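S.K.: You'll find query.cif just under this line, and it carries mmCIF, C-alpha atoms and all ligand atoms.
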data_start
loop_
_atom_site.label_atom_id
_atom_site.label_comp_id
_atom_site.auth_asym_id
_atom_site.auth_seq_id
_atom_site.Cartn_x
_atom_site.Cartn_y
_atom_site.Cartn_z
CA MET P 157 136.97 100.64 187.29
CA GLU P 158 133.90 102.29 185.83
CA LEU P 159 132.45 102.91 189.30
CA SER P 160 135.72 104.38 190.59
CA THR P 161 136.09 106.52 187.46
CA MET P 162 132.60 107.96 187.88
CA LEU P 163 133.15 108.67 191.58
CA SER P 164 136.46 110.32 190.77
CA GLU P 165 134.84 112.47 188.08
CA ALA P 166 132.11 113.52 190.50
CA PHE P 167 134.16 114.17 193.64
CA GLY P 168 137.89 114.02 192.89
CA ASP P 169 139.86 114.14 196.16
CA ALA P 170 136.80 115.11 198.22
CA ILE P 171 136.03 111.45 198.97
CA GLU P 172 138.25 108.39 199.47
CA VAL P 173 137.68 105.51 197.09
CA THR P 174 139.62 102.30 197.66
CA LEU P 175 139.69 99.78 194.83
CA ILE P 176 141.15 96.39 195.75
CA ASP P 177 142.14 93.71 193.24
CA LYS P 178 144.48 90.77 193.70
CA ASN P 179 145.62 91.00 190.07
CA ASP P 180 148.07 93.46 188.57
CA SER P 181 146.20 93.90 185.29
CA PHE P 182 142.86 93.78 183.52
CA TYR P 183 142.01 92.18 180.17
CA PHE P 184 138.75 92.03 178.25
CA GLY P 185 137.04 88.61 178.20
CA PHE P 186 136.98 88.64 174.41
CA SER P 187 140.79 88.98 174.29
CA LYS P 188 140.94 85.28 175.19
CA LEU P 189 139.35 84.29 171.87
CA ASP P 190 141.83 86.49 170.01
CA VAL P 191 144.76 84.97 171.93
CA MET P 192 143.55 81.39 171.31
CA PHE P 193 143.33 81.95 167.56
CA GLY P 194 146.67 83.78 167.35
CA LEU P 195 145.03 87.14 166.54
CA ASP P 196 146.55 88.82 169.58
CA ASN P 197 149.38 88.31 172.01
CA PRO P 198 148.79 87.47 175.73
CA ASP P 199 151.18 90.22 176.88
CA LYS P 200 149.60 92.84 174.65
CA VAL P 201 146.03 92.30 175.91
CA ARG P 202 146.97 92.95 179.57
CA LEU P 203 146.14 96.48 180.73
CA PRO P 204 148.27 97.19 183.83
CA TYR P 205 146.47 98.59 186.86
CA LYS P 206 149.40 100.93 187.53
CA LYS P 207 148.03 102.94 184.58
CA PHE P 208 144.68 103.33 186.36
CA VAL P 209 145.26 106.72 188.00
CA LYS P 210 142.22 108.72 189.15
CA PRO P 211 142.01 111.58 191.66
CA GLY P 212 140.63 110.33 194.96
CA VAL P 213 141.07 106.63 194.08
CA ARG P 214 143.61 104.31 195.73
CA LEU P 215 144.14 101.06 193.87
CA LEU P 216 145.56 98.36 196.13
CA GLN P 217 146.86 95.03 194.92
CA GLU P 218 145.73 92.82 197.80
CA THR P 219 143.90 89.52 198.13
CA ILE P 220 140.62 89.66 200.04
CA SER P 221 140.09 86.79 202.48
CA ARG P 222 136.93 87.98 204.17
CA VAL P 223 134.14 90.49 203.80
CA ASP P 224 132.13 91.55 206.83
CA PRO P 225 129.02 93.07 205.25
CA VAL P 226 127.62 94.25 208.59
CA ALA P 227 130.74 96.13 209.71
CA LYS P 228 131.53 96.95 206.04
CA ARG P 229 135.02 95.68 206.68
CA VAL P 230 137.24 93.86 204.20
CA THR P 231 140.17 91.73 205.35
CA THR P 232 143.06 91.18 202.96
CA ASP P 233 146.53 89.63 203.04
CA ARG P 234 147.83 93.11 203.96
CA GLY P 235 145.33 94.25 206.59
CA THR P 236 141.76 95.48 206.98
CA HIS P 237 139.79 98.24 205.28
CA GLU P 238 136.61 99.82 206.58
CA ALA P 239 134.14 101.80 204.52
CA ASP P 240 130.92 103.76 204.64
CA PHE P 241 129.79 102.08 201.43
CA LEU P 242 130.93 98.73 200.11
CA VAL P 243 130.55 97.50 196.52
CA ILE P 244 131.34 93.85 195.91
CA ALA P 245 132.55 93.25 192.33
CA LEU P 246 134.64 90.11 192.73
CA GLY P 247 133.41 88.34 189.60
CA ALA P 248 132.86 84.59 189.42
CA ASP P 249 135.58 81.99 190.02
CA TYR P 250 136.00 78.99 187.78
CA ASP P 251 134.79 75.89 189.58
CA PHE P 252 137.05 73.27 188.01
CA ALA P 253 136.18 70.77 190.73
CA ALA P 254 132.49 70.81 189.72
CA THR P 255 133.26 68.77 186.57
CA PRO P 256 135.48 65.72 187.12
CA GLY P 257 138.51 65.87 184.81
CA MET P 258 138.10 69.58 184.01
CA SER P 259 141.16 70.67 186.02
CA GLU P 260 143.42 68.60 183.72
CA ALA P 261 141.53 69.52 180.55
CA THR P 262 142.23 72.32 178.08
CA GLU P 263 140.01 75.39 178.32
CA PHE P 264 139.89 78.86 176.78
CA TYR P 265 138.14 80.81 179.55
CA THR P 266 141.33 81.84 181.38
CA LEU P 267 144.08 83.80 179.65
CA GLU P 268 146.54 81.00 180.52
CA GLY P 269 144.17 78.38 179.08
CA ALA P 270 143.60 80.38 175.89
CA THR P 271 147.37 80.87 175.53
CA ARG P 272 147.96 77.13 175.94
CA LEU P 273 145.33 76.24 173.32
CA GLY P 274 146.84 78.92 171.06
CA GLU P 275 150.15 77.04 171.30
CA MET P 276 148.51 73.66 170.62
CA LEU P 277 146.33 74.64 167.66
CA PRO P 278 149.08 75.06 165.02
CA SER P 279 150.03 71.35 165.36
CA PHE P 280 146.38 70.21 165.11
CA THR P 281 145.89 68.96 161.54
CA HIS P 282 142.80 66.74 161.56
CA GLY P 283 140.14 65.24 163.80
CA ARG P 284 137.38 66.27 166.17
CA VAL P 285 137.17 69.69 167.82
CA LEU P 286 134.84 69.58 170.81
CA ILE P 287 133.61 72.70 172.62
CA ALA P 288 131.61 71.97 175.78
CA VAL P 289 130.26 73.98 178.71
CA GLY P 290 130.24 72.79 182.33
CA GLY P 291 126.81 74.25 183.10
CA ALA P 292 124.70 77.40 183.28
CA PRO P 293 125.13 80.15 184.21
CA PHE P 294 128.48 80.60 182.48
CA LYS P 295 130.40 83.69 181.42
CA CYS P 296 129.43 85.41 178.18
CA PRO P 297 126.78 83.10 176.68
CA PRO P 298 127.77 83.89 173.04
CA ALA P 299 131.50 83.06 173.58
CA PRO P 300 131.28 79.27 172.94
CA SER P 301 129.37 79.93 169.68
CA GLU P 302 132.00 82.51 168.71
CA ALA P 303 134.72 79.93 169.45
CA ALA P 304 133.00 77.43 167.10
CA LEU P 305 132.68 79.98 164.27
CA MET P 306 136.22 81.29 164.73
CA MET P 307 137.49 77.70 164.78
CA HIS P 308 135.78 77.08 161.43
CA GLU P 309 137.47 80.19 160.04
CA TYR P 310 140.86 79.22 161.50
CA LEU P 311 140.77 75.66 160.11
CA THR P 312 139.51 76.92 156.72
CA ARG P 313 142.37 79.43 156.54
CA ARG P 314 144.83 76.58 157.15
CA GLY P 315 143.17 74.45 154.46
CA ILE P 316 142.30 71.61 156.85
CA ARG P 317 138.61 72.28 157.58
CA SER P 318 137.39 69.25 155.59
CA ALA P 319 139.64 66.99 157.72
CA CYS P 320 138.01 68.25 160.93
CA GLU P 321 134.67 68.12 162.74
CA ILE P 322 133.44 70.87 165.05
CA THR P 323 130.85 70.11 167.77
CA LEU P 324 129.44 72.53 170.33
CA ILE P 325 127.74 71.18 173.47
CA PHE P 326 125.67 73.98 174.93
CA PRO P 327 123.68 74.10 178.22
CA LEU P 328 120.91 76.42 176.93
CA GLU P 329 118.12 75.61 174.48
CA ALA P 330 119.38 78.21 171.96
CA PRO P 331 122.68 80.04 171.36
CA THR P 332 121.35 83.42 172.67
CA PRO P 333 117.95 82.83 174.34
CA PRO P 334 117.13 86.54 174.98
CA SER P 335 117.31 87.24 171.23
CA PRO P 336 115.60 84.56 169.07
CA GLU P 337 116.68 86.43 165.92
CA THR P 338 120.35 86.21 166.95
CA SER P 339 119.89 82.54 167.83
CA ARG P 340 118.41 81.87 164.38
CA ALA P 341 121.35 83.64 162.71
CA LEU P 342 123.84 81.62 164.74
CA LEU P 343 122.04 78.32 164.03
CA ALA P 344 122.05 79.17 160.30
CA ALA P 345 125.77 79.98 160.49
CA PHE P 346 126.45 76.63 162.22
CA ALA P 347 124.44 74.76 159.55
CA GLU P 348 126.23 76.54 156.66
CA ARG P 349 129.60 75.67 158.18
CA ASN P 350 128.77 72.09 159.13
CA ILE P 351 129.17 72.75 162.86
CA THR P 352 127.18 70.32 165.04
CA PHE P 353 125.21 72.14 167.75
CA VAL P 354 123.97 70.06 170.70
CA PRO P 355 121.60 72.30 172.75
CA ASP P 356 120.32 71.97 176.27
CA ARG P 357 123.06 69.60 177.45
CA GLU P 358 125.74 70.03 180.09
CA MET P 359 129.14 68.42 180.22
CA ARG P 360 129.34 66.15 183.30
CA LYS P 361 132.83 64.63 183.00
CA VAL P 362 136.00 64.97 180.93
CA ASP P 363 138.33 62.00 180.50
CA THR P 364 141.60 63.46 179.24
CA GLN P 365 143.20 59.98 178.92
CA ARG P 366 140.47 58.56 176.67
CA ARG P 367 139.83 62.03 175.21
CA GLU P 368 136.10 62.03 175.69
CA VAL P 369 133.40 64.08 177.34
CA THR P 370 130.29 62.63 179.00
CA LEU P 371 127.08 64.68 178.95
CA ASP P 372 124.25 64.87 181.49
CA ASP P 373 122.19 62.47 179.33
CA GLY P 374 124.99 59.88 179.38
CA ARG P 375 126.09 60.43 175.78
CA VAL P 376 129.83 60.33 175.21
CA PHE P 377 131.59 62.60 172.71
CA PRO P 378 135.18 61.76 171.76
CA TYR P 379 137.56 64.58 170.81
CA ASP P 380 141.02 65.23 169.42
CA ILE P 381 141.21 68.78 170.69
CA PHE P 382 139.02 70.05 173.52
CA LEU P 383 137.91 73.62 174.17
CA GLY P 384 136.34 73.46 177.63
CA VAL P 385 134.25 76.10 179.36
CA PRO P 386 134.50 75.58 183.13
CA ALA P 387 131.55 75.91 185.49
CA ILE P 388 131.54 79.03 187.67
CA ARG P 389 130.51 80.18 191.11
CA ALA P 390 130.90 83.36 193.14
CA PRO P 391 134.20 83.36 195.12
CA LYS P 392 133.95 80.88 198.01
CA MET P 393 135.08 83.60 200.37
CA LEU P 394 131.78 85.44 199.73
CA GLU P 395 129.89 82.29 200.74
CA GLU P 396 132.03 82.00 203.88
CA SER P 397 131.25 85.66 204.58
CA GLY P 398 127.53 84.80 204.55
CA MET P 399 126.77 86.90 201.48
CA THR P 400 125.62 84.27 198.96
CA GLU P 401 122.45 82.26 198.41
CA ASP P 402 122.55 79.37 195.92
CA GLY P 403 126.07 80.32 194.90
CA TYR P 404 125.69 84.05 194.17
CA VAL P 405 125.09 87.31 196.02
CA PRO P 406 121.38 88.14 195.88
CA VAL P 407 120.62 91.79 195.02
CA LYS P 408 117.59 93.85 194.12
CA PRO P 409 118.06 93.90 190.32
CA LYS P 410 117.05 97.55 189.84
CA THR P 411 119.20 98.98 192.66
CA LEU P 412 121.94 96.34 193.18
CA GLU P 413 121.41 96.57 196.94
CA THR P 414 122.26 93.50 198.97
CA ARG P 415 120.33 92.69 202.12
CA PHE P 416 123.03 94.53 204.11
CA PRO P 417 122.59 98.32 204.39
CA ASP P 418 125.04 100.34 202.24
CA VAL P 419 126.45 97.19 200.65
CA TYR P 420 125.96 96.70 196.90
CA ALA P 421 127.05 93.89 194.58
CA VAL P 422 127.56 94.05 190.81
CA GLY P 423 128.72 91.82 187.99
CA ASP P 424 129.30 88.09 187.80
CA CYS P 425 129.34 87.55 191.59
CA ALA P 426 125.79 88.91 191.91
CA ARG P 427 122.40 87.65 190.79
CA GLN P 428 121.62 90.94 189.09
CA GLY P 429 119.00 89.71 186.60
CA THR P 430 121.26 89.76 183.52
CA PRO P 431 123.76 87.31 181.98
CA LYS P 432 127.30 87.02 183.31
CA ALA P 433 129.03 89.46 180.96
CA GLY P 434 131.32 92.45 181.30
CA ILE P 435 128.89 94.80 179.59
CA PHE P 436 126.24 94.06 182.22
CA ALA P 437 128.78 94.28 185.07
CA GLU P 438 129.72 97.72 183.76
CA GLY P 439 126.07 98.81 183.43
CA ALA P 440 125.37 97.73 187.01
CA ALA P 441 128.50 99.53 188.25
CA ARG P 442 127.35 102.70 186.50
CA ALA P 443 123.98 102.42 188.22
CA VAL P 444 125.60 102.02 191.66
CA ALA P 445 127.90 104.97 190.93
CA ARG P 446 124.87 107.17 190.13
CA THR P 447 123.22 106.03 193.36
CA LEU P 448 126.29 106.74 195.48
CA ILE P 449 126.83 110.14 193.86
CA ALA P 450 123.21 111.07 194.62
CA ARG P 451 123.42 109.78 198.18
CA LEU P 452 126.67 111.61 198.90
CA ARG P 453 125.15 114.82 197.53
CA ASN P 454 121.95 114.30 199.51
CA GLU P 455 119.97 114.25 196.28
CA GLU P 456 117.09 111.99 195.35
CA VAL P 457 118.44 108.52 194.57
CA PRO P 458 117.70 107.44 190.99
CA VAL P 459 116.81 103.82 190.25
CA THR P 460 119.00 103.43 187.22
CA HIS P 461 120.05 99.84 186.58
CA GLU P 462 118.46 99.33 183.17
CA GLY P 463 119.80 95.83 182.44
CA LYS P 464 120.78 96.86 178.94
CA GLY P 465 123.90 95.75 177.09
CA VAL P 466 125.50 95.51 173.68
CA CYS P 467 127.07 92.16 172.77
CA TYR P 468 129.39 91.80 169.80
CA ILE P 469 129.44 88.33 168.26
CA GLU P 470 132.35 87.10 166.15
CA PHE P 471 131.05 85.17 163.13
CA GLY P 472 134.56 84.48 161.74
CA GLY P 473 136.16 85.99 158.66
CA GLY P 474 136.44 89.34 160.43
CA ARG P 475 132.63 89.69 160.41
CA ILE P 476 130.96 90.73 163.64
CA GLY P 477 127.27 90.76 164.54
CA ARG P 478 125.75 92.77 167.35
CA VAL P 479 122.80 92.32 169.63
CA ASP P 480 121.43 95.10 171.82
CA ILE P 481 119.74 93.40 174.76
CA ASP P 482 117.29 94.95 177.19
CA PHE P 483 116.39 92.84 180.22
CA PHE P 484 114.09 95.07 182.23
CA SER P 485 111.98 97.32 179.96
CA ASN P 486 109.56 94.55 179.05
CA PRO P 487 108.46 92.85 182.30
CA ASP P 488 107.50 89.61 180.48
CA HIS P 489 110.77 88.78 178.75
CA PRO P 490 114.02 90.38 177.60
CA THR P 491 114.19 91.88 174.13
CA GLY P 492 117.11 91.92 171.71
CA ILE P 493 117.74 93.91 168.54
CA TYR P 494 119.96 91.98 166.18
CA HIS P 495 122.38 93.60 163.72
CA GLU P 496 123.62 91.37 160.86
CA PRO P 497 127.33 90.51 160.95
CA SER P 498 129.54 92.78 158.88
CA VAL P 499 133.19 93.73 158.55
CA ALA P 500 132.19 97.32 159.32
CA MET P 501 131.01 96.27 162.81
CA ARG P 502 134.65 95.51 163.73
CA ALA P 503 135.29 99.25 164.03
CA ASP P 504 132.38 99.41 166.50
CA LYS P 505 133.85 96.61 168.64
CA GLU P 506 137.32 98.14 168.46
CA HIS P 507 135.88 101.45 169.62
CA PHE P 508 134.17 99.62 172.50
CA GLY P 509 137.58 98.34 173.67
CA SER P 510 139.66 101.44 172.91
CA SER P 511 137.18 103.84 174.54
CA ARG P 512 137.40 101.89 177.81
CA ARG P 513 141.18 101.51 177.54
CA ALA P 514 141.42 105.30 177.21
CA ARG P 515 138.81 106.10 179.89
CA TRP P 516 140.16 103.74 182.55
CA PHE P 517 143.86 103.47 181.75
CA GLY P 518 144.67 106.58 179.70
CA LEU P 519 146.12 104.26 177.03
C1 LIG A 1 136.19 83.86 176.43
C2 LIG A 1 135.38 84.97 177.04
C3 LIG A 1 134.84 85.95 176.22
C4 LIG A 1 134.06 86.97 176.78
N1 LIG A 1 133.56 87.94 175.96
C5 LIG A 1 132.81 88.93 176.48
C6 LIG A 1 132.26 89.95 175.65
O1 LIG A 1 132.52 89.97 174.42
N2 LIG A 1 131.48 90.89 176.22
C7 LIG A 1 131.20 90.88 177.55
O2 LIG A 1 130.48 91.77 178.01
N3 LIG A 1 131.69 89.94 178.37
C8 LIG A 1 132.50 88.96 177.88
N4 LIG A 1 133.01 88.00 178.70
C9 LIG A 1 132.61 87.95 180.12
C10 LIG A 1 133.37 88.93 181.00
O3 LIG A 1 134.75 88.74 180.90
C11 LIG A 1 132.93 88.79 182.44
O4 LIG A 1 131.56 88.58 182.52
C12 LIG A 1 133.28 90.06 183.20
O5 LIG A 1 134.68 90.17 183.29
C13 LIG A 1 132.65 90.10 184.58
O6 LIG A 1 133.03 91.28 185.20
P1 LIG A 1 133.11 91.37 186.79
O7 LIG A 1 133.63 92.74 187.06
O8 LIG A 1 131.87 90.92 187.41
O9 LIG A 1 134.21 90.29 187.19
P2 LIG A 1 135.73 90.15 186.75
O10 LIG A 1 136.02 90.84 185.49
O11 LIG A 1 136.03 88.70 186.88
O12 LIG A 1 136.48 90.96 187.89
C14 LIG A 1 136.57 90.50 189.22
C15 LIG A 1 137.84 91.00 189.82
O13 LIG A 1 137.89 90.63 191.18
C16 LIG A 1 139.20 90.23 191.50
N5 LIG A 1 139.13 89.31 192.62
C17 LIG A 1 138.47 88.13 192.69
N6 LIG A 1 138.65 87.56 193.88
C18 LIG A 1 139.43 88.41 194.60
C19 LIG A 1 139.97 88.39 195.93
N7 LIG A 1 139.73 87.37 196.76
N8 LIG A 1 140.74 89.43 196.33
C20 LIG A 1 140.99 90.47 195.51
N9 LIG A 1 140.52 90.54 194.24
C21 LIG A 1 139.75 89.52 193.80
C22 LIG A 1 139.74 89.59 190.25
O14 LIG A 1 141.15 89.66 190.23
C23 LIG A 1 139.07 90.40 189.14
O15 LIG A 1 139.91 91.43 188.65
C24 LIG A 1 133.83 87.00 178.18
C25 LIG A 1 134.41 86.02 179.00
C26 LIG A 1 135.18 85.04 178.45
C27 LIG A 1 135.82 84.02 179.37
#
Would you encode the structure as structure tokens?
M.R.:
Amino acid sequence: MELSTMLSEAFGDAIEVTLIDKNDSFYFGFSKLDVMFGLDNPDKVRLPYKKFVKPGVRLLQETISRVDPVAKRVTTDRGTHEADFLVIALGADYDFAATPGMSEATEFYTLEGATRLGEMLPSFTHGRVLIAVGGAPFKCPPAPSEAALMMHEYLTRRGIRSACEITLIFPLEAPTPPSPETSRALLAAFAERNITFVPDREMRKVDTQRREVTLDDGRVFPYDIFLGVPAIRAPKMLEESGMTEDGYVPVKPKTLETRFPDVYAVGDCARQGTPKAGIFAEGAARAVARTLIARLRNEEVPVTHEGKGVCYIEFGGGRIGRVDIDFFSNPDHPTGIYHEPSVAMRADKEHFGSSRRARWFGL
């Protein structure tokens, strides 16, 4: 959407942009947390694509079954589309089959899963809450920590926190590895709230009958309510189209070029050198838009993918922290500037959502 918007702003009707998505609406990843904890309604968070109207852009609701990156041809359930430039932005699919038991388990990473948990939570009165991740990489590394902190807040508000335990099984060594300061703040918040954090461990199996999760070190964690985070992979169709290596589309991180001429890939489906998060997908899309605008105008092509992003982190109680992450400026390691959680930061996050709602959907 950002790429199409920028192309439309630059060229209007002078070029043809075709945007294909199998869905009829968009929703922010973070909406799923709000839906799970009853802070928003699943119907309200959906932004319908029919409101995405930009000069020069055709939005088609079709399902892609094959991408031919050499011919730059895309086959869908409705036909084929050929292009001079192709940008793959198909995201990552949840790989439920990668973790035995996960397809029957409760999860909050799809809108349907978050809605289901939102319906279950009000009847949960005591016991063990277990949040566990199927493996790295996964979408939005801070989201499981946010779920733990928001769960603490939710149970406290209902007066049942002391009757419950919250455990977070996490596949990385720290909650936000690119920003040690943010990790320290999150670990302190877990300790203050009596949330058990188990780092560097992946969930290997879920047994929904016995209500327990087995980790990669063999330890077994029983639960009363389970908040699963499924493993991911780039859509299988991209693998079948010969575009992936080790599960994702390889790209040059600074230019987002694939190994196929005039074919770019951005976001969760690509290995673009940043975490799997919407803010980085958007930043990469902006970089490709700048490149395409320059190429179409026969101007010098800028190398613009900066690998920077702002992540808002829900600490519960309406307080939000922020970390500004920069992946490429320092060649040795990413850097992150941490902003303490505050109620005032909510306005910042709301502006983040509303500015994009207005820019893309006119809403
Ligand atoms: C609980 C949760 C909280 C999150 N919070 C944040 C956050 O606070 N900040 C943040 O930056 N990120 C967050 N994220 C992550 C964010 O949602 C994703 O990283 C982001 O959506 C990735 O963008 P993308 O464009 O690469 O892929 P997607 O947003 O997944 O878009 C891919 C699109 O491709 C379409 N598609 C896929 N296959 C096909 C096909 N075969 N044919 C046609 N269309 C197809 C899909 O319908 C989809 O619309 C969160 C995620 C979750 C689950």
S.K.: Give me, please, the distance in Å between CA of Leu267 (chain P) and CA of Ala387 (chain P), quoted to one decimal.
M.R.: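 CA of Ala387 (chain P) lies 15.9 Å from CA of Leu267 (chain P).
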S.K.: What separation in Å, quoted to one decimal, exists between CA of Phe193 (chain P) and CA of Ala347 (chain P)?
M.R.: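 Interatomic distance here is 21.7 Å.
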S.K.: Hey, which residues sit close to ligand LIG 1 (chain A)? Say within 8 Å, counting all atoms listed in the file, and write them as an NGL selection string.
M.R.: :P and (176-179 or 181-182 or 184-189 or 217-222 or 232 or 245-249 or 264-266 or 295-296 or 298-300 or 391 or 393 or 422-426 or 431-438 or 465-469)
S.K.: Counting all atoms listed in the file, find residues at most 10 Å from (130.0, 90.9, 160.8) (file frame) and give them as a PyMOL selection string.
M.R.: chain P and resi 468-478+495-502
S.K.: Looking at all atoms listed in the file, which of P:Thr430, P:Ser318, P:Thr281, P:Asn350 is the one that sits closest to Asp380 (chain P)?
M.R.: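 Checking each of P:Thr430, P:Ser318, P:Thr281, P:Asn350 against Asp380 (chain P), counting all atoms listed in the file, the winner is P:Thr281.
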S.K.: Calculate how many Å separate CA of Leu519 (chain P) from CA of Glu275 (chain P), rounding to one decimal.
M.R.: 28.1 Å
S.K.: Quick one: residues within 6 Å of Pro490 (chain P), all atoms listed in the file counted, chain neighbours fewer than 3 positions away excluded, as a compact mmCIF listing (two decimals) with C-alpha atoms, keeping the file's coordinate frame?
M.R.:
# COMPACT_ATOMS: atom_id res chain seq x y z
CA PRO P 334 117.13 86.54 174.98
CA ASP P 482 117.29 94.95 177.19
CA PHE P 483 116.39 92.84 180.22
S.K.: Pick the closest to Ala421 (chain P) from P:Gly274, P:Pro225, P:Gly492, P:Pro297: which is it, counting only C-alpha atoms?
M.R.: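 The shortest atom-to-atom distance to Ala421 (chain P) comes from P:Pro225.
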S.K.: My list of candidates is P:Val243, P:Ile388, P:Gly291, P:Leu216. Which is closest to Val407 (chain P) when distances are computed with all atoms listed in the file?
M.R.: P:Val243
S.K.: Given only C-alpha atoms as the basis, pick out the residue of P:Lys408, P:Gly212, P:Pro487, P:Asp190 nearest to Ala270 (chain P).
M.R.: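 Ranked by minimum distance to Ala270 (chain P), first place goes to P:Asp190.
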S.K.: So which one's closest to Leu195 (chain P), P:Arg367, P:Ser335, P:Met306, P:Met359? Using only C-alpha atoms, please.
M.R.: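 Smallest distance to Leu195 (chain P) is found for P:Met306.
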